[in-house]
Amino acid sequence: MGAIACIVITAPALVLSVPAEAAVPAQWQNCAVVNNRLPHGVGRANARDHTSGTPVTNFRRDTALYNTAMRANRGLDRDGDGIACEKA
């Protein structure tokens, strides 16, 4: 009786490693960059600053721009209040 041979050939996986910073568009790299363009941050139209001090109210209210920022870099709104890079 003959033996059945099974040969499995595996190709090495091709993994492209891209640093996290390179994956984020330049204008959303960090809050310092965002605040150069939007000095008080950007937030959803109905956002309220979550703070124990004086809340920031003079941020740019633009839900579409805020959503673009969040798709690019979720770290811009660390407290999750709907305002990215709020600054008095």
# chains A, B, ... in the order shown; residues from 1 in each chain; ligands from 1
>>> residues_around(residues="Arg37 of chain A", least_positions_apart="4", cutoff="9 Å", atoms="only C-alpha atoms", output="ChimeraX atom specification")
/A:27,33,41
>>> select_by_dssp(residues="segment 45-82 of chain A", states="helix (DSSP H, G or I)", output="PyMOL selection string")
chain A and resi 63-72+74-76
>>> write_last_selection(atoms="all heavy atoms", output="CSV table (one decimal), in the first residue's frame")
chain,number,residue,atom,x,y,z
A,63,THR,N,-19.1,69.8,14.5
A,63,THR,CA,-19.2,68.3,14.7
A,63,THR,C,-18.5,67.6,13.6
A,63,THR,O,-17.8,66.6,13.9
A,63,THR,CB,-20.7,67.9,14.7
A,63,THR,OG1,-21.3,68.6,15.8
A,63,THR,CG2,-20.8,66.4,14.9
A,64,ALA,N,-18.6,68.0,12.4
A,64,ALA,CA,-17.9,67.3,11.3
A,64,ALA,C,-16.4,67.3,11.4
A,64,ALA,O,-15.7,66.3,11.3
A,64,ALA,CB,-18.3,67.9,9.9
A,65,LEU,N,-15.8,68.5,11.8
A,65,LEU,CA,-14.4,68.6,12.0
A,65,LEU,C,-13.9,67.8,13.2
A,65,LEU,O,-12.9,67.1,13.2
A,65,LEU,CB,-14.0,70.1,12.2
A,65,LEU,CG,-12.5,70.4,12.3
A,65,LEU,CD1,-11.8,69.9,11.0
A,65,LEU,CD2,-12.3,71.9,12.4
A,66,TYR,N,-14.7,67.8,14.3
A,66,TYR,CA,-14.4,67.0,15.5
A,66,TYR,C,-14.4,65.5,15.1
A,66,TYR,O,-13.5,64.8,15.5
A,66,TYR,CB,-15.5,67.2,16.6
A,66,TYR,CG,-15.3,66.3,17.7
A,66,TYR,CD1,-14.4,66.5,18.7
A,66,TYR,CD2,-16.1,65.1,17.8
A,66,TYR,CE1,-14.2,65.6,19.8
A,66,TYR,CE2,-15.9,64.2,18.9
A,66,TYR,CZ,-15.0,64.5,19.9
A,66,TYR,OH,-14.8,63.6,20.9
A,67,ASN,N,-15.4,65.0,14.3
A,67,ASN,CA,-15.4,63.6,13.9
A,67,ASN,C,-14.2,63.3,13.0
A,67,ASN,O,-13.6,62.2,13.2
A,67,ASN,CB,-16.7,63.3,13.1
A,67,ASN,CG,-17.9,63.4,14.0
A,67,ASN,OD1,-17.8,63.2,15.3
A,67,ASN,ND2,-19.1,63.5,13.5
A,68,THR,N,-13.8,64.2,12.2
A,68,THR,CA,-12.5,64.0,11.4
A,68,THR,C,-11.3,63.8,12.3
A,68,THR,O,-10.5,62.9,12.1
A,68,THR,CB,-12.3,65.2,10.4
A,68,THR,OG1,-13.4,65.2,9.5
A,68,THR,CG2,-11.0,65.0,9.6
A,69,ALA,N,-11.2,64.7,13.3
A,69,ALA,CA,-10.1,64.6,14.3
A,69,ALA,C,-10.1,63.3,15.0
A,69,ALA,O,-9.1,62.6,15.2
A,69,ALA,CB,-10.2,65.8,15.3
A,70,MET,N,-11.3,62.8,15.4
A,70,MET,CA,-11.4,61.6,16.2
A,70,MET,C,-11.1,60.3,15.3
A,70,MET,O,-10.4,59.4,15.8
A,70,MET,CB,-12.8,61.4,16.8
A,70,MET,CG,-13.1,62.3,17.9
A,70,MET,SD,-12.0,62.2,19.3
A,70,MET,CE,-10.8,63.4,18.9
A,71,ARG,N,-11.4,60.4,14.0
A,71,ARG,CA,-11.1,59.3,13.1
A,71,ARG,C,-9.5,59.3,12.9
A,71,ARG,O,-8.9,58.2,12.8
A,71,ARG,CB,-11.7,59.5,11.7
A,71,ARG,CG,-13.2,59.0,11.7
A,71,ARG,CD,-13.7,58.9,10.3
A,71,ARG,NE,-13.7,60.2,9.6
A,71,ARG,CZ,-14.7,61.1,9.7
A,71,ARG,NH1,-15.7,60.9,10.5
A,71,ARG,NH2,-14.6,62.2,9.0
A,72,ALA,N,-8.9,60.4,12.9
A,72,ALA,CA,-7.5,60.5,12.7
A,72,ALA,C,-6.7,60.2,14.0
A,72,ALA,O,-5.6,59.5,13.9
A,72,ALA,CB,-7.1,61.9,12.3
A,74,ARG,N,-7.8,59.4,18.1
A,74,ARG,CA,-8.7,59.4,19.3
A,74,ARG,C,-8.1,60.0,20.5
A,74,ARG,O,-8.8,60.4,21.4
A,74,ARG,CB,-9.2,58.0,19.5
A,74,ARG,CG,-10.2,57.5,18.4
A,74,ARG,CD,-11.0,56.4,18.9
A,74,ARG,NE,-12.5,56.4,18.8
A,74,ARG,CZ,-13.4,57.3,18.6
A,74,ARG,NH1,-13.0,58.5,18.5
A,74,ARG,NH2,-14.6,57.1,18.5
A,75,GLY,N,-6.8,60.0,20.6
A,75,GLY,CA,-6.1,60.5,21.8
A,75,GLY,C,-6.3,62.0,22.0
A,75,GLY,O,-5.9,62.6,23.0
A,76,LEU,N,-6.9,62.7,21.0
A,76,LEU,CA,-7.0,64.2,21.1
A,76,LEU,C,-8.1,64.6,22.1
A,76,LEU,O,-8.2,65.7,22.6
A,76,LEU,CB,-7.3,64.8,19.8
A,76,LEU,CG,-6.2,64.6,18.7
A,76,LEU,CD1,-6.7,65.2,17.4
A,76,LEU,CD2,-4.9,65.3,19.2
>>> closest_residue(among="A:Asp62, A:Val24, A:Gln29, A:Leu38", to="Lys87 of chain A", atoms="only C-alpha atoms")
A:Leu38
>>> closest_residue(among="A:Ala23, A:Asp77, A:Ala88, A:Trp28", to="Pro55 of chain A", atoms="only C-alpha atoms")
A:Ala88
>>> select_by_dssp(residues="segment 8-87 of chain A", states="strand (DSSP E or B)", output="ChimeraX atom specification")
/A:42-43,60-61,83-84
>>> write_last_selection(atoms="N, CA, C and O atoms", output="mmCIF file, in the first residue's frame")
data_model
loop_
_atom_site.group_PDB
_atom_site.id
_atom_site.type_symbol
_atom_site.label_atom_id
_atom_site.label_comp_id
_atom_site.auth_asym_id
_atom_site.auth_seq_id
_atom_site.Cartn_x
_atom_site.Cartn_y
_atom_site.Cartn_z
ATOM 1 N N VAL A 42 -11.467 71.888 19.282
ATOM 2 C CA VAL A 42 -12.633 71.705 18.410
ATOM 3 C C VAL A 42 -13.539 70.673 19.058
ATOM 4 O O VAL A 42 -13.062 69.687 19.627
ATOM 5 N N GLY A 43 -14.837 70.926 19.006
ATOM 6 C CA GLY A 43 -15.763 69.995 19.641
ATOM 7 C C GLY A 43 -17.059 69.857 18.880
ATOM 8 O O GLY A 43 -17.338 70.609 17.944
ATOM 9 N N ARG A 60 -13.924 75.762 18.960
ATOM 10 C CA ARG A 60 -14.673 75.772 17.703
ATOM 11 C C ARG A 60 -15.718 74.657 17.747
ATOM 12 O O ARG A 60 -15.398 73.504 17.962
ATOM 13 N N ARG A 61 -16.967 75.028 17.528
ATOM 14 C CA ARG A 61 -18.072 74.057 17.535
ATOM 15 C C ARG A 61 -18.324 73.616 16.100
ATOM 16 O O ARG A 61 -18.917 74.339 15.311
ATOM 17 N N ILE A 83 -14.885 67.300 23.161
ATOM 18 C CA ILE A 83 -14.062 68.446 22.776
ATOM 19 C C ILE A 83 -12.617 67.953 22.682
ATOM 20 O O ILE A 83 -12.068 67.411 23.637
ATOM 21 N N ALA A 84 -12.016 68.131 21.520
ATOM 22 C CA ALA A 84 -10.629 67.720 21.313
ATOM 23 C C ALA A 84 -9.716 68.910 21.565
ATOM 24 O O ALA A 84 -9.930 69.997 21.045
#
>>> atom_distance(atom1="atom CA of Cys85 of chain A", atom2="atom CA of Val56 of chain A")
10.4 Å
